[in-house]
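Novice: Just so it is clear, I am handing over upload-v8.cif, which has mmCIF, C-alpha atoms and all ligand atoms.
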data_my_file
loop_
_atom_site.label_atom_id
_atom_site.label_comp_id
_atom_site.auth_asym_id
_atom_site.auth_seq_id
_atom_site.Cartn_x
_atom_site.Cartn_y
_atom_site.Cartn_z
CA MET V 1 0.00 0.00 0.00
CA LEU V 2 2.85 2.41 0.71
CA LEU V 3 4.19 4.32 -2.23
CA SER V 4 7.55 4.22 -0.50
CA ASP V 5 7.40 0.44 -0.78
CA MET V 6 7.09 0.69 -4.53
CA ARG V 7 10.05 -0.14 -6.62
CA GLU V 8 12.19 2.87 -7.49
CA HIS V 9 11.31 4.04 -10.98
CA SER V 10 12.28 7.29 -12.60
CA SER V 11 8.79 7.32 -14.05
CA ALA V 12 5.53 5.95 -12.73
CA THR V 13 4.83 2.93 -14.89
CA ALA V 14 3.33 -0.55 -14.65
CA PRO V 15 4.92 -1.94 -11.44
CA GLU V 16 3.34 0.85 -9.41
CA TRP V 17 -0.24 0.12 -10.47
CA GLU V 18 -0.96 -2.38 -7.75
CA SER V 19 -0.34 0.14 -4.97
CA LEU V 20 -1.92 2.95 -6.89
CA SER V 21 -5.16 1.11 -7.34
CA ALA V 22 -5.37 0.62 -3.54
CA LEU V 23 -4.75 4.32 -3.00
CA ARG V 24 -7.35 5.20 -5.61
CA ALA V 25 -9.86 2.79 -4.10
CA ASP V 26 -9.35 4.73 -0.86
CA THR V 27 -10.31 7.95 -2.68
CA PRO V 28 -14.03 8.05 -3.51
CA GLY V 29 -13.66 11.03 -5.88
CA CYS V 30 -11.45 9.03 -8.27
CA GLU V 31 -14.56 7.21 -9.49
CA HIS V 32 -16.25 10.41 -10.53
CA VAL V 33 -13.71 12.94 -11.78
CA ILE V 34 -10.26 13.38 -13.22
CA HIS V 35 -9.08 15.58 -10.43
CA PHE V 36 -6.30 17.86 -11.63
CA ASN V 37 -7.10 20.58 -9.12
CA ASN V 38 -5.05 19.45 -6.14
CA ALA V 39 -3.50 22.90 -5.93
CA GLY V 40 -7.05 24.07 -5.20
CA CYS V 41 -8.13 21.24 -2.95
CA GLY V 42 -7.02 17.59 -2.95
CA LEU V 43 -9.54 14.73 -2.97
CA LEU V 44 -10.32 13.42 0.51
CA ALA V 45 -9.18 9.91 1.35
CA ALA V 46 -11.74 7.64 3.06
CA PRO V 47 -10.09 7.69 6.54
CA VAL V 48 -10.12 11.51 6.50
CA LEU V 49 -13.81 11.60 5.67
CA GLN V 50 -14.48 8.95 8.32
CA ALA V 51 -12.67 10.86 11.06
CA MET V 52 -14.79 13.95 10.40
CA GLN V 53 -18.05 12.06 10.08
CA ASP V 54 -17.40 10.18 13.34
CA HIS V 55 -16.83 13.41 15.21
CA LEU V 56 -19.91 15.11 13.78
CA ASP V 57 -21.96 12.06 14.73
CA LEU V 58 -20.60 12.26 18.26
CA GLU V 59 -21.37 16.00 18.46
CA ALA V 60 -24.93 15.27 17.38
CA ARG V 61 -25.25 12.47 19.95
CA ILE V 62 -23.62 13.95 23.07
CA GLY V 63 -23.04 17.67 22.41
CA GLY V 64 -20.27 19.74 20.85
CA TYR V 65 -18.25 20.57 23.96
CA GLU V 66 -18.61 17.04 25.26
CA ALA V 67 -17.49 15.53 21.94
CA ALA V 68 -14.40 17.77 21.98
CA ALA V 69 -13.56 16.54 25.48
CA ALA V 70 -14.10 12.92 24.45
CA HIS V 71 -11.74 13.32 21.47
CA ALA V 72 -9.11 15.45 23.27
CA ASP V 73 -6.37 12.85 22.67
CA GLU V 74 -7.18 12.64 18.95
CA VAL V 75 -7.15 16.44 18.70
CA ARG V 76 -3.65 16.46 20.23
CA GLU V 77 -2.59 14.10 17.44
CA PHE V 78 -3.11 16.92 14.94
CA TYR V 79 -0.17 18.75 16.53
CA ALA V 80 1.95 15.62 16.85
CA GLU V 81 1.34 14.53 13.24
CA LEU V 82 1.99 17.94 11.75
CA ALA V 83 5.07 18.44 13.92
CA ALA V 84 6.44 15.10 12.69
CA LEU V 85 5.67 16.12 9.10
CA ILE V 86 7.55 19.44 9.20
CA GLY V 87 10.25 18.66 11.76
CA SER V 88 9.03 20.84 14.62
CA GLY V 89 7.68 20.21 18.11
CA PRO V 90 3.91 19.98 18.68
CA ASP V 91 4.04 23.16 20.79
CA ASN V 92 5.26 25.08 17.75
CA ILE V 93 2.05 24.47 15.77
CA ALA V 94 -1.12 26.57 15.76
CA PHE V 95 -4.29 25.51 13.94
CA ALA V 96 -5.97 28.20 11.81
CA GLY V 97 -9.11 28.40 9.70
CA SER V 98 -7.07 29.10 6.55
CA ALA V 99 -3.49 29.63 5.49
CA THR V 100 -4.31 33.29 4.90
CA HIS V 101 -5.63 33.66 8.43
CA ALA V 102 -2.47 32.02 9.78
CA TYR V 103 -0.36 34.40 7.67
CA ALA V 104 -2.22 37.51 8.80
CA THR V 105 -2.03 36.44 12.45
CA ALA V 106 1.71 35.91 12.09
CA LEU V 107 2.18 39.33 10.44
CA SER V 108 0.13 40.97 13.17
CA ALA V 109 2.74 39.85 15.72
CA ILE V 110 5.46 41.99 14.16
CA PRO V 111 5.27 45.61 15.39
CA PHE V 112 5.94 47.28 12.04
CA GLN V 113 6.93 50.92 12.04
CA ARG V 114 7.14 53.52 9.31
CA GLY V 115 10.17 52.85 7.11
CA ASP V 116 10.51 49.17 8.05
CA VAL V 117 11.30 47.03 5.02
CA ILE V 118 9.57 43.82 4.01
CA LEU V 119 11.78 41.96 1.55
CA THR V 120 9.90 39.48 -0.60
CA THR V 121 9.84 37.98 -4.11
CA ARG V 122 7.98 38.74 -7.30
CA ASN V 123 6.18 35.42 -6.97
CA ASP V 124 4.78 35.64 -3.47
CA PHE V 125 1.12 34.70 -3.17
CA ILE V 126 -1.48 37.34 -4.06
CA SER V 127 -3.00 37.63 -0.56
CA ASN V 128 0.47 37.96 1.00
CA GLN V 129 1.27 40.79 -1.43
CA LEU V 130 -2.05 42.43 -0.54
CA ALA V 131 -1.23 42.14 3.17
CA PHE V 132 2.14 43.84 2.56
CA LEU V 133 0.42 46.62 0.59
CA SER V 134 -2.09 47.04 3.41
CA LEU V 135 0.79 47.33 5.90
CA ARG V 136 2.34 49.93 3.63
CA ARG V 137 -0.92 51.88 3.49
CA ARG V 138 -1.46 51.80 7.26
CA PHE V 139 2.06 51.85 8.73
CA GLY V 140 4.24 53.15 5.91
CA VAL V 141 6.39 50.04 5.57
CA GLU V 142 8.51 49.73 2.44
CA ILE V 143 8.11 46.67 0.21
CA VAL V 144 11.17 45.50 -1.69
CA HIS V 145 10.88 42.74 -4.30
CA ALA V 146 14.02 40.75 -5.03
CA PRO V 147 14.68 40.34 -8.78
CA ASP V 148 14.22 37.08 -10.65
CA LEU V 149 16.83 35.07 -12.50
CA PRO V 150 16.56 35.16 -16.33
CA GLU V 151 15.34 31.54 -16.26
CA GLY V 152 12.70 32.32 -13.60
CA GLY V 153 12.63 32.10 -9.81
CA VAL V 154 14.17 34.47 -7.34
CA ASP V 155 17.83 35.46 -7.62
CA VAL V 156 18.99 34.41 -4.14
CA ASP V 157 22.34 36.23 -4.39
CA ALA V 158 20.58 39.46 -5.26
CA MET V 159 18.14 38.85 -2.40
CA ALA V 160 21.06 38.38 0.01
CA LEU V 161 22.54 41.72 -1.13
CA LEU V 162 19.15 43.37 -0.49
CA MET V 163 19.14 41.82 3.00
CA LYS V 164 22.53 43.37 3.67
CA GLU V 165 21.51 46.74 2.24
CA HIS V 166 18.06 47.10 3.85
CA ARG V 167 18.21 44.93 7.02
CA PRO V 168 14.52 44.16 6.49
CA ARG V 169 12.14 43.81 9.43
CA LEU V 170 10.82 40.72 7.65
CA VAL V 171 11.85 38.45 4.78
CA ALA V 172 8.90 36.62 3.20
CA ALA V 173 8.98 33.91 0.54
CA THR V 174 6.30 31.66 -0.96
CA HIS V 175 7.69 28.18 -1.58
CA ILE V 176 5.39 27.45 -4.56
CA PRO V 177 3.14 30.26 -5.80
CA THR V 178 -0.46 29.64 -6.77
CA ASN V 179 0.08 30.91 -10.31
CA SER V 180 2.80 28.58 -11.61
CA GLY V 181 4.81 25.45 -10.96
CA LEU V 182 7.86 27.40 -9.76
CA VAL V 183 9.55 26.00 -6.63
CA GLN V 184 11.50 28.75 -4.86
CA PRO V 185 14.76 27.93 -3.03
CA VAL V 186 13.39 28.70 0.44
CA ALA V 187 16.21 26.94 2.33
CA GLU V 188 18.86 28.97 0.49
CA ILE V 189 17.00 32.17 1.33
CA GLY V 190 16.74 30.94 4.92
CA ARG V 191 20.50 30.47 5.20
CA HIS V 192 20.99 34.15 4.38
CA CYS V 193 18.25 35.15 6.84
CA ARG V 194 20.08 33.27 9.59
CA GLU V 195 23.40 34.86 8.56
CA PHE V 196 21.87 38.36 8.90
CA ASP V 197 19.62 37.39 11.84
CA LEU V 198 16.41 38.42 10.06
CA LEU V 199 12.83 37.31 10.71
CA TYR V 200 11.78 34.87 8.00
CA LEU V 201 8.20 33.91 7.05
CA VAL V 202 7.57 31.10 4.54
CA ASP V 203 4.29 30.30 2.79
CA ALA V 204 4.33 26.54 2.24
CA CYS V 205 0.67 26.28 1.24
CA GLN V 206 1.30 24.55 -2.09
CA SER V 207 4.38 22.60 -1.08
CA VAL V 208 3.31 20.86 2.14
CA GLY V 209 2.17 17.36 1.20
CA GLN V 210 3.91 17.64 -2.17
CA TYR V 211 7.52 17.93 -0.94
CA PRO V 212 9.17 17.15 2.39
CA ILE V 213 9.20 20.27 4.56
CA ASP V 214 11.76 20.67 7.33
CA VAL V 215 11.49 23.95 9.20
CA GLU V 216 15.00 23.53 10.63
CA GLU V 217 16.50 23.10 7.20
CA ILE V 218 14.51 26.06 5.85
CA GLY V 219 15.62 28.13 8.82
CA CYS V 220 12.31 29.99 9.10
CA ASP V 221 10.79 31.70 12.13
CA LEU V 222 7.26 31.27 10.81
CA LEU V 223 5.72 28.98 8.22
CA THR V 224 2.12 28.80 7.05
CA GLY V 225 0.19 26.14 5.18
CA THR V 226 -3.13 24.52 4.57
CA CYS V 227 -4.28 20.93 4.95
CA ARG V 228 -6.73 21.02 2.05
CA LYS V 229 -4.37 21.01 -0.94
CA PHE V 230 -1.58 18.44 -1.34
CA LEU V 231 -2.22 17.07 2.15
CA ARG V 232 -5.73 16.15 1.00
CA GLY V 233 -7.40 17.37 4.18
CA PRO V 234 -10.69 19.23 4.62
CA ARG V 235 -11.52 22.75 3.55
CA GLY V 236 -11.45 25.46 6.21
CA SER V 237 -8.09 24.45 7.63
CA GLY V 238 -4.69 26.07 7.92
CA PHE V 239 -1.74 26.09 10.25
CA LEU V 240 1.10 28.23 11.48
CA PHE V 241 4.51 27.00 12.61
CA VAL V 242 6.13 29.34 15.14
CA SER V 243 9.78 28.80 16.06
CA ASP V 244 11.01 28.67 19.66
CA ARG V 245 13.13 31.71 18.86
CA PHE V 246 10.04 33.71 17.88
CA LEU V 247 8.04 32.50 20.87
CA ARG V 248 10.85 33.21 23.33
CA ALA V 249 11.27 36.72 21.91
CA GLY V 250 7.71 37.36 23.11
CA TYR V 251 5.97 38.00 19.79
CA GLU V 252 2.21 37.66 20.10
CA PRO V 253 -0.68 38.31 17.70
CA LEU V 254 -2.30 41.74 17.84
CA PHE V 255 -5.66 40.28 18.83
CA ILE V 256 -4.97 37.55 21.34
CA ASP V 257 -7.95 35.77 22.86
CA MET V 258 -8.83 33.77 25.98
CA HIS V 259 -7.29 30.63 24.46
CA GLY V 260 -4.04 32.40 23.60
CA ALA V 261 -3.60 34.23 26.90
CA ASP V 262 -4.58 34.20 30.57
CA TRP V 263 -6.25 37.36 31.90
CA THR V 264 -4.07 37.48 35.00
CA ALA V 265 -5.31 40.76 36.57
CA PRO V 266 -7.87 43.45 35.59
CA GLY V 267 -5.12 45.31 33.75
CA ASP V 268 -2.84 42.52 32.61
CA TYR V 269 -2.60 39.26 30.66
CA GLN V 270 -0.04 36.56 30.03
CA PRO V 271 0.31 35.00 26.53
CA SER V 272 0.56 31.23 26.46
CA ARG V 273 4.03 29.75 26.32
CA THR V 274 3.37 27.82 23.11
CA ALA V 275 2.16 28.55 19.58
CA SER V 276 -1.39 28.25 20.95
CA ARG V 277 -1.09 31.99 21.57
CA PHE V 278 -1.76 32.27 17.81
CA GLU V 279 -4.97 30.24 17.97
CA GLU V 280 -8.53 31.14 18.91
CA TRP V 281 -10.75 29.47 21.44
CA GLU V 282 -13.39 28.28 19.00
CA PHE V 283 -12.31 25.30 16.92
CA PRO V 284 -13.93 23.31 14.09
CA TYR V 285 -13.11 20.03 15.86
CA ALA V 286 -14.30 17.75 13.06
CA THR V 287 -12.02 19.66 10.67
CA VAL V 288 -9.05 19.45 13.04
CA LEU V 289 -9.56 15.69 13.33
CA GLY V 290 -9.83 15.45 9.53
CA CYS V 291 -6.53 17.32 9.27
CA ALA V 292 -4.88 14.93 11.72
CA ALA V 293 -6.10 11.99 9.63
CA ALA V 294 -4.91 13.65 6.40
CA VAL V 295 -1.41 14.32 7.71
CA ARG V 296 -1.20 10.77 9.08
CA TYR V 297 -2.29 9.46 5.67
CA ALA V 298 0.32 11.52 3.82
CA ARG V 299 3.03 10.28 6.18
CA GLU V 300 1.91 6.69 5.70
CA VAL V 301 1.97 7.04 1.92
CA GLY V 302 5.40 8.64 2.31
CA VAL V 303 6.14 12.26 1.45
CA GLU V 304 9.52 11.40 -0.10
CA ALA V 305 7.79 9.01 -2.49
CA ILE V 306 5.06 11.56 -3.19
CA SER V 307 7.70 14.18 -3.98
CA ARG V 308 9.18 11.88 -6.62
CA ARG V 309 5.93 10.81 -8.26
CA THR V 310 3.81 13.96 -8.19
CA PRO V 311 6.18 16.44 -9.88
CA ASP V 312 7.10 13.66 -12.34
CA LEU V 313 3.45 13.28 -13.40
CA ALA V 314 3.24 17.06 -13.72
CA ARG V 315 6.39 17.15 -15.85
CA ARG V 316 4.89 14.66 -18.32
CA LEU V 317 1.66 16.60 -18.44
CA ARG V 318 3.50 19.89 -18.99
CA ASN V 319 5.70 18.48 -21.76
CA ASP V 320 2.78 16.82 -23.56
CA LEU V 321 0.63 19.95 -23.38
CA ASP V 322 3.49 22.20 -24.49
CA ALA V 323 3.95 20.02 -27.56
CA LEU V 324 0.38 20.75 -28.72
CA PRO V 325 -0.08 23.45 -31.38
CA GLY V 326 -1.57 26.64 -29.89
CA VAL V 327 -0.81 25.60 -26.31
CA ARG V 328 2.06 27.10 -24.31
CA ALA V 329 3.31 25.87 -20.93
CA LEU V 330 4.06 28.93 -18.79
CA ASP V 331 5.99 27.47 -15.87
CA ARG V 332 9.54 28.81 -15.53
CA GLY V 333 12.34 28.21 -13.05
CA ASN V 334 15.10 25.79 -12.12
CA GLN V 335 12.75 23.52 -10.20
CA LEU V 336 9.12 22.90 -11.14
CA GLY V 337 6.49 21.17 -9.01
CA ALA V 338 3.02 19.78 -9.60
CA LEU V 339 1.31 22.96 -10.78
CA VAL V 340 1.12 23.05 -14.57
CA THR V 341 -0.01 26.31 -16.15
CA ILE V 342 -0.85 26.78 -19.81
CA ALA V 343 -2.01 29.48 -22.19
CA VAL V 344 -4.39 28.31 -24.91
CA ASP V 345 -4.82 30.26 -28.13
CA GLY V 346 -8.31 31.07 -29.34
CA TRP V 347 -10.15 30.59 -26.05
CA GLU V 348 -11.43 32.78 -23.25
CA ALA V 349 -10.82 31.54 -19.72
CA ALA V 350 -14.29 30.64 -18.44
CA PRO V 351 -15.56 28.74 -21.53
CA PHE V 352 -12.34 26.76 -21.73
CA LYS V 353 -12.58 25.64 -18.12
CA ALA V 354 -16.30 24.93 -18.56
CA ALA V 355 -15.50 22.68 -21.53
CA LEU V 356 -13.12 20.68 -19.31
CA ASP V 357 -15.70 20.61 -16.48
CA ALA V 358 -18.17 19.10 -18.95
CA ARG V 359 -15.68 16.25 -19.45
CA SER V 360 -15.38 15.78 -15.66
CA ILE V 361 -11.84 17.15 -15.72
CA ASN V 362 -11.22 19.40 -12.73
CA SER V 363 -8.90 22.35 -13.28
CA ALA V 364 -8.54 25.96 -12.12
CA LEU V 365 -8.01 29.39 -13.64
CA SER V 366 -5.53 32.09 -12.70
CA PHE V 367 -5.81 35.68 -13.89
CA ARG V 368 -3.43 38.60 -14.30
CA TRP V 369 -4.59 40.09 -11.01
CA PHE V 370 -3.49 36.91 -9.15
CA ALA V 371 0.11 37.49 -10.18
CA GLN V 372 0.80 41.01 -11.41
CA PHE V 373 4.56 40.51 -11.80
CA ASP V 374 4.57 36.95 -13.16
CA PHE V 375 1.73 37.32 -15.65
CA GLY V 376 3.09 40.72 -16.68
CA ASP V 377 6.46 39.12 -17.45
CA LYS V 378 4.77 36.30 -19.36
CA ASP V 379 2.37 38.70 -21.04
CA VAL V 380 -0.73 36.59 -20.37
CA ASP V 381 -4.09 37.65 -18.93
CA TRP V 382 -5.13 34.21 -17.78
CA CYS V 383 -3.95 30.64 -17.66
CA LEU V 384 -5.42 27.24 -17.00
CA ARG V 385 -3.87 25.44 -14.03
CA LEU V 386 -3.76 21.65 -13.90
CA SER V 387 -2.34 20.10 -10.74
CA PRO V 388 -2.11 16.30 -10.54
CA HIS V 389 -1.26 14.35 -7.38
CA TYR V 390 0.24 10.94 -6.73
CA TYR V 391 -3.12 9.18 -7.03
CA ASN V 392 -3.62 10.39 -10.61
CA THR V 393 -2.62 8.11 -13.44
CA GLU V 394 -0.83 8.24 -16.77
CA ASP V 395 -4.13 7.35 -18.45
CA GLU V 396 -5.70 10.42 -16.89
CA ILE V 397 -2.82 12.55 -18.17
CA ALA V 398 -3.36 11.18 -21.67
CA GLU V 399 -7.09 11.89 -21.42
CA VAL V 400 -6.53 15.48 -20.28
CA VAL V 401 -3.95 16.11 -23.03
CA ALA V 402 -6.36 14.68 -25.62
CA ALA V 403 -9.18 16.88 -24.32
CA VAL V 404 -7.04 20.04 -24.48
CA ALA V 405 -5.85 19.09 -28.00
CA GLU V 406 -9.41 18.54 -29.19
CA LEU V 407 -10.70 21.78 -27.70
CA ARG V 408 -7.81 23.77 -29.11
CA ALA V 409 -8.27 22.25 -32.58
CA ALA V 410 -11.96 23.16 -32.52
CA ARG V 411 -11.09 26.91 -32.61
C1 LIG V 501 0.74 29.78 -2.30
C2 LIG V 501 -0.55 29.98 -1.56
N1 LIG V 501 -0.52 30.61 -0.38
C3 LIG V 501 -1.62 30.82 0.34
C4 LIG V 501 -2.85 30.40 -0.12
C5 LIG V 501 -4.06 30.73 0.68
O1 LIG V 501 -4.56 29.62 1.34
P1 LIG V 501 -5.98 29.73 2.03
O2 LIG V 501 -6.98 29.74 0.92
O3 LIG V 501 -6.07 28.51 2.90
O4 LIG V 501 -6.03 30.98 2.80
C6 LIG V 501 -2.94 29.74 -1.36
C7 LIG V 501 -4.24 29.29 -1.87
O5 LIG V 501 -4.40 28.97 -3.01
C8 LIG V 501 -1.75 29.52 -2.09
O6 LIG V 501 -1.77 28.91 -3.27
#
As a first step, turn the structure in this file into structure tokens.

Specialist:
Amino acid sequence: MLLSDMREHSSATAPEWESLSALRADTPGCEHVIHFNNAGCGLLAAPVLQAMQDHLDLEARIGGYEAAAAHADEVREFYAELAALIGSGPDNIAFAGSATHAYATALSAIPFQRGDVILTTRNDFISNQLAFLSLRRRFGVEIVHAPDLPEGGVDVDAMALLMKEHRPRLVAATHIPTNSGLVQPVAEIGRHCREFDLLYLVDACQSVGQYPIDVEEIGCDLLTGTCRKFLRGPRGSGFLFVSDRFLRAGYEPLFIDMHGADWTAPGDYQPSRTASRFEEWEFPYATVLGCAAAVRYAREVGVEAISRRTPDLARRLRNDLDALPGVRALDRGNQLGALVTIAVDGWEAAPFKAALDARSINSALSFRWFAQFDFGDKDVDWCLRLSPHYYNTEDEIAEVVAAVAELRAAR
């Protein structure tokens, strides 16, 4: 059953089918759709669905607070599983309702002042860029974007020089942006952050579950992610890793609540010792338990094995699509992951996606306003994003390529 048990193959061919069919049988959605929208939301595996359904049943039977108390040990497993996945301690993890919420809560802990610099990349996620612009509008921070290499992806040497020049209050990098398959060298950036002793925030939303993540190796103070994408967990989930260094320095979110702090006297409060200071009291317990099950599932399948198979499937898809007349693969950079983005001549965005929907092929669209720098450089207004995962098959890739070819030829 474990992908890691499969024989080593540079490509995913026949000997892997036995295990794959078990993994697909565990994934109810595989019967209904060709799901190439894992960068949006992965398909739930049966044990993940079961964990959530069991908890909702218990809430209905005995009450919501009582069900949470009954499943307290299982809830703690969320922290243990995620910590094991990213190489942290359980006390360094905070649950959040979305990756964006986790990111905003983390940013709110940094007391930005006029003239402070945020150093980031041209490919950081849209909502992160909006948060930086909002900080600029309210507090007068300066946003500096490190330049890209000619082949795509951030120029780490240039970024290090900018660190030296500006001594930024924060360095922020998105591991894999939403708008292309680019994988940014977050550990290399982290080494420079440690050298200059700078706060470092990493958005690992698209990479967690797709690649091994080790917060020590990355050298970050803060890292955000979601469980719903390549971890195949439920919607409405996110998390924040907070380093011991950051916790010990006393950073706390701007709006801390009764879960994150003790109200120790009428005029005083004490933040919690752990990353729970970044959480809120109210929790979607069924979702948290679904996340625990999803992370456990990913670890059982084996993230190393996933990180070999998933980008490999994407590479085949990208190459085959790029070879079609009137179709252009847009992904650029030294390392490319499982997000495949294409421009298709002769089509508008919505009808093209609708034509794939009609064939039960799940995909997503990105627009210029998702990625002002990247799409400006590529001179495209929209692209179709296809994001396979390890449970997808070569037959599905062939079917998707044939569908795109047929649609393109029809114009
Ligand atoms: C790179 C990246 N960061 C952050 C997010 C935001 O995640 P959420 O929707 O959970 O807030 C996304 C969502 O697509 C993303 O692709």

Novice: So which residues touch Leu58 in chain V within 10 Å, counting only C-alpha atoms, skipping near sequence neighbours fewer than 6 positions away, as number ranges by chain?

Specialist: V: 52, 64, 66-68, 70-71, 286

Novice: For a quick check of understanding, using all atoms listed in the file, which of V:Ile256, V:Ala329, V:Ala305, V:Cys193 has the smallest distance to Lys378 in chain V?

Specialist: V:Ala329

Novice: Could the residues that lie within 10 Å of ligand LIG 501 (chain V), counting all atoms listed in the file, be listed as an mmCIF file with C-alpha atoms, in the coordinates of the input?

Specialist:
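Wrote out_22.cif, looks like this:
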data_model
loop_
_atom_site.group_PDB
_atom_site.id
_atom_site.type_symbol
_atom_site.label_atom_id
_atom_site.label_comp_id
_atom_site.auth_asym_id
_atom_site.auth_seq_id
_atom_site.Cartn_x
_atom_site.Cartn_y
_atom_site.Cartn_z
ATOM 1 C CA ALA V 39 -3.500 22.900 -5.930
ATOM 2 C CA GLY V 40 -7.050 24.070 -5.200
ATOM 3 C CA CYS V 41 -8.130 21.240 -2.950
ATOM 4 C CA ALA V 96 -5.970 28.200 11.810
ATOM 5 C CA GLY V 97 -9.110 28.400 9.700
ATOM 6 C CA SER V 98 -7.070 29.100 6.550
ATOM 7 C CA ALA V 99 -3.490 29.630 5.490
ATOM 8 C CA THR V 100 -4.310 33.290 4.900
ATOM 9 C CA HIS V 101 -5.630 33.660 8.430
ATOM 10 C CA ALA V 102 -2.470 32.020 9.780
ATOM 11 C CA TYR V 103 -0.360 34.400 7.670
ATOM 12 C CA ALA V 104 -2.220 37.510 8.800
ATOM 13 C CA ASN V 123 6.180 35.420 -6.970
ATOM 14 C CA ASP V 124 4.780 35.640 -3.470
ATOM 15 C CA PHE V 125 1.120 34.700 -3.170
ATOM 16 C CA ILE V 126 -1.480 37.340 -4.060
ATOM 17 C CA SER V 127 -3.000 37.630 -0.560
ATOM 18 C CA ASN V 128 0.470 37.960 1.000
ATOM 19 C CA ALA V 173 8.980 33.910 0.540
ATOM 20 C CA THR V 174 6.300 31.660 -0.960
ATOM 21 C CA HIS V 175 7.690 28.180 -1.580
ATOM 22 C CA ILE V 176 5.390 27.450 -4.560
ATOM 23 C CA PRO V 177 3.140 30.260 -5.800
ATOM 24 C CA THR V 178 -0.460 29.640 -6.770
ATOM 25 C CA ASN V 179 0.080 30.910 -10.310
ATOM 26 C CA SER V 180 2.800 28.580 -11.610
ATOM 27 C CA VAL V 202 7.570 31.100 4.540
ATOM 28 C CA ASP V 203 4.290 30.300 2.790
ATOM 29 C CA ALA V 204 4.330 26.540 2.240
ATOM 30 C CA CYS V 205 0.670 26.280 1.240
ATOM 31 C CA GLN V 206 1.300 24.550 -2.090
ATOM 32 C CA SER V 207 4.380 22.600 -1.080
ATOM 33 C CA THR V 224 2.120 28.800 7.050
ATOM 34 C CA GLY V 225 0.190 26.140 5.180
ATOM 35 C CA THR V 226 -3.130 24.520 4.570
ATOM 36 C CA CYS V 227 -4.280 20.930 4.950
ATOM 37 C CA ARG V 228 -6.730 21.020 2.050
ATOM 38 C CA LYS V 229 -4.370 21.010 -0.940
ATOM 39 C CA ARG V 235 -11.520 22.750 3.550
ATOM 40 C CA GLY V 236 -11.450 25.460 6.210
ATOM 41 C CA SER V 237 -8.090 24.450 7.630
ATOM 42 C CA GLY V 238 -4.690 26.070 7.920
ATOM 43 C CA PHE V 239 -1.740 26.090 10.250
#

Novice: Can you list every residue of range 217-265 of chain V that has an atom at most 12 Å from range 188-191 of chain V, with its nearest atom pair and the distance in Å to one decimal, using all atoms listed in the file, ordered by chain then number, as CSV?

Specialist:
residue,atom,partner,partner_atom,distance
V:Glu217,CA,V:Gly190,CA,8.2
V:Ile218,CA,V:Gly190,CA,5.4
V:Gly219,CA,V:Gly190,CA,4.9
V:Cys220,CA,V:Gly190,CA,6.2
V:Asp221,CA,V:Gly190,CA,9.4
V:Leu222,CA,V:Gly190,CA,11.2
V:Leu223,CA,V:Gly190,CA,11.7

Novice: Would you mind listing, for every residue of range 184-283 of chain V within 7 Å of range 290-297 of chain V, the two atoms forming the shortest contact and the distance between them in Å to one decimal, using all atoms listed in the file, sorted by chain and ascending residue number, as JSON lines?

Specialist:
{"residue": "V:Cys227", "atom": "CA", "partner": "V:Cys291", "partner_atom": "CA", "distance": 6.1}
{"residue": "V:Leu231", "atom": "CA", "partner": "V:Ala294", "partner_atom": "CA", "distance": 6.1}
{"residue": "V:Arg232", "atom": "CA", "partner": "V:Ala294", "partner_atom": "CA", "distance": 6.0}
{"residue": "V:Gly233", "atom": "CA", "partner": "V:Ala294", "partner_atom": "CA", "distance": 5.0}
{"residue": "V:Pro234", "atom": "CA", "partner": "V:Gly290", "partner_atom": "CA", "distance": 6.3}

Novice: Keeping C-alpha atoms for every residue in the selection just given, could you write it to a file as a PDB file, in the coordinates of the input?

Specialist:
ATOM      1  CA  CYS V 227      -4.280  20.930   4.950  1.00  0.00           C
ATOM      2  CA  LEU V 231      -2.220  17.070   2.150  1.00  0.00           C
ATOM      3  CA  ARG V 232      -5.730  16.150   1.000  1.00  0.00           C
ATOM      4  CA  GLY V 233      -7.400  17.370   4.180  1.00  0.00           C
ATOM      5  CA  PRO V 234     -10.690  19.230   4.620  1.00  0.00           C
TER       6      PRO V 234
END

Novice: Go through V:Val401, V:Phe375, V:Arg138, V:Pro111 one by one, measure the shortest atom-to-atom distance of each to Gly250 in chain V using all atoms listed in the file, and give the residue with the smallest value.

Specialist: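 With all atoms listed in the file as the atom set, the closest residue is V:Pro111.
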
Novice: Please measure the separation of CA of Phe373 in chain V and CA of Leu317 in chain V, giving the value in Å to one decimal.

Specialist: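 Straight-line distance from CA of Phe373 in chain V to CA of Leu317 in chain V works out to 25.0 Å.
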
Novice: Here is a test: counting only C-alpha atoms, which residue of V:Asp312, V:Glu394, V:Asp357, V:Glu279 is nearest to Ala338 in chain V?

Specialist: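 Nearest candidate to Ala338 in chain V out of V:Asp312, V:Glu394, V:Asp357, V:Glu279: V:Asp312.
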
Novice: Report, in Å to a single decimal, how far apart CA of Leu49 in chain V and CA of Pro28 in chain V are.

Specialist: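 Computing it gives 9.8 Å between the two atoms.
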
Novice: With all atoms listed in the file counted, which protein, DNA or RNA residues have an atom no more than 8 Å from (-3.1, 31.6, -12.3) in the file frame? Please answer as a count of residues only.

Specialist: 15

Novice: So what do you get for CA of Leu386 in chain V versus CA of Ser363 in chain V, distance-wise?

Specialist: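 Those two atoms sit 5.2 Å apart.
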
Novice: For range 74-76 of chain V, work out the shell of residues within 9 Å, counting all atoms listed in the file and skipping chain neighbours fewer than 5 positions away, then give it as number ranges by chain.

Specialist: V: 68, 81, 90, 285, 288-289, 292

Novice: Do a neighbour search on Gly153 in chain V at 7 Å with only C-alpha atoms, toss out local chain neighbours closer than 6 positions, and write the hits as a ChimeraX atom specification.

Specialist: /V:182,184,333
